[in-house]
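Data block below; observations after.
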Amino acid sequence: DGFCLTSAVSEARMAEDAPAAPVPAPAPAAERQVIYSAALRLVVVSAREALASIQTLAKEAGGHLQESDARSITIRVPANQFEAVVARIAALGEVLENNVRAADVTEEMLDLGIRLENARKARERLLEHLAKSDSLEDTLKIEQELTRVTGEIEQLEGRLRFMQSQIAMSTIRVELNTNGPQRASDGLEIPF
């Protein structure tokens with residue numbers, strides 16, 4: 001009994017596009033997937049001391065330093081510590097700007113999950129067809145489609161991991177200004 005490659009590849013592609021099994025209702029408000037971020041601009045007495053304090057606040061909250069230079073710092077903190085850390089940072093100086101953003105990505109996460117599940121099912125069907133394939137030409141075409149589907153799965157998994165890390169750890173960027181000239185390490189004044 002002959003194997004039809006075109007139907008195997010078409011079936012795999014249709015599976016990726018086909019709606020998945022019944023999707024559960026959207027998550028209740030308490031389970032929403034939200035990415036929080038903040039950008040603050042502060043006037044402080046000492047930028048160096050403020051940078052050290054902000055880094056310490058991040059560590060105490062279970063977070064970490066993402067990047068830093070002489071006048072700015074970006075930290076990542078657990079989402080459940082976000083508001084408290086922003087408030088503690090604001091207390092370090094005079095707040096000139098405080099922009100807080102919350103992006104609800106619940107629907108995007110559900111969509112990525114469905115697309116990933118469909119791609120995995122398509123890969124399983126392709127593997128079944130590959131096992132039944134009896135010609136070199138069909139085998140090569142199925143392997144080519146498997147490579148494409150596997151690449152899509154890896155891309156979707158990577159996107160999901162990225163989104164989950166953004167949800168779990170909020171980003172806070174702080175730019176610092178000072179009231180007067182800063183002193184360089186050799187004691188000379190820097191006019192900015």
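Going by the structure tokens order, chains are called A, B, ..., each with residues numbered from 1, while ligands are numbered from 1 in the order shown.
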Residues of range 18-102 of chain A at most 10 Å from range 158-166 of chain A: nearest atom pair and distance in Å, only C-alpha atoms, as JSON lines:
{"residue": "A:Gln33", "atom": "CA", "partner": "A:Gln164", "partner_atom": "CA", "distance": 8.7}
{"residue": "A:Val34", "atom": "CA", "partner": "A:Gln166", "partner_atom": "CA", "distance": 8.6}
{"residue": "A:Ile35", "atom": "CA", "partner": "A:Gln166", "partner_atom": "CA", "distance": 5.9}
{"residue": "A:Tyr36", "atom": "CA", "partner": "A:Gln166", "partner_atom": "CA", "distance": 8.0}
{"residue": "A:Ser37", "atom": "CA", "partner": "A:Gln166", "partner_atom": "CA", "distance": 9.2}
{"residue": "A:Arg76", "atom": "CA", "partner": "A:Gln166", "partner_atom": "CA", "distance": 9.1}
{"residue": "A:Pro78", "atom": "CA", "partner": "A:Gln166", "partner_atom": "CA", "distance": 9.6}
{"residue": "A:Ala79", "atom": "CA", "partner": "A:Gln166", "partner_atom": "CA", "distance": 8.9}
Practice task
Check the smallest atom-to-atom distance from each of A:Asn118, A:Thr147, A:Ser170, A:Ser46 to Gly93 in chain A using only C-alpha atoms, then report the winner.
Solution key: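 Smallest distance to Gly93 in chain A is found for A:Ser46.
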Practice task
Give me the residues within 8 Å of range 67-71 of chain A as number ranges by chain, counting only C-alpha atoms and dropping any in the same chain fewer than 3 places off.
Solution key: A: 47-48, 74-75, 175-177
Handout entry: Atom pair CA of Ile114 in chain A / CA of Leu127 in chain A: separation (Å)
Key =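 Taking CA of Ile114 in chain A as the start and CA of Leu127 in chain A as the end point, the length is 20.1 Å.
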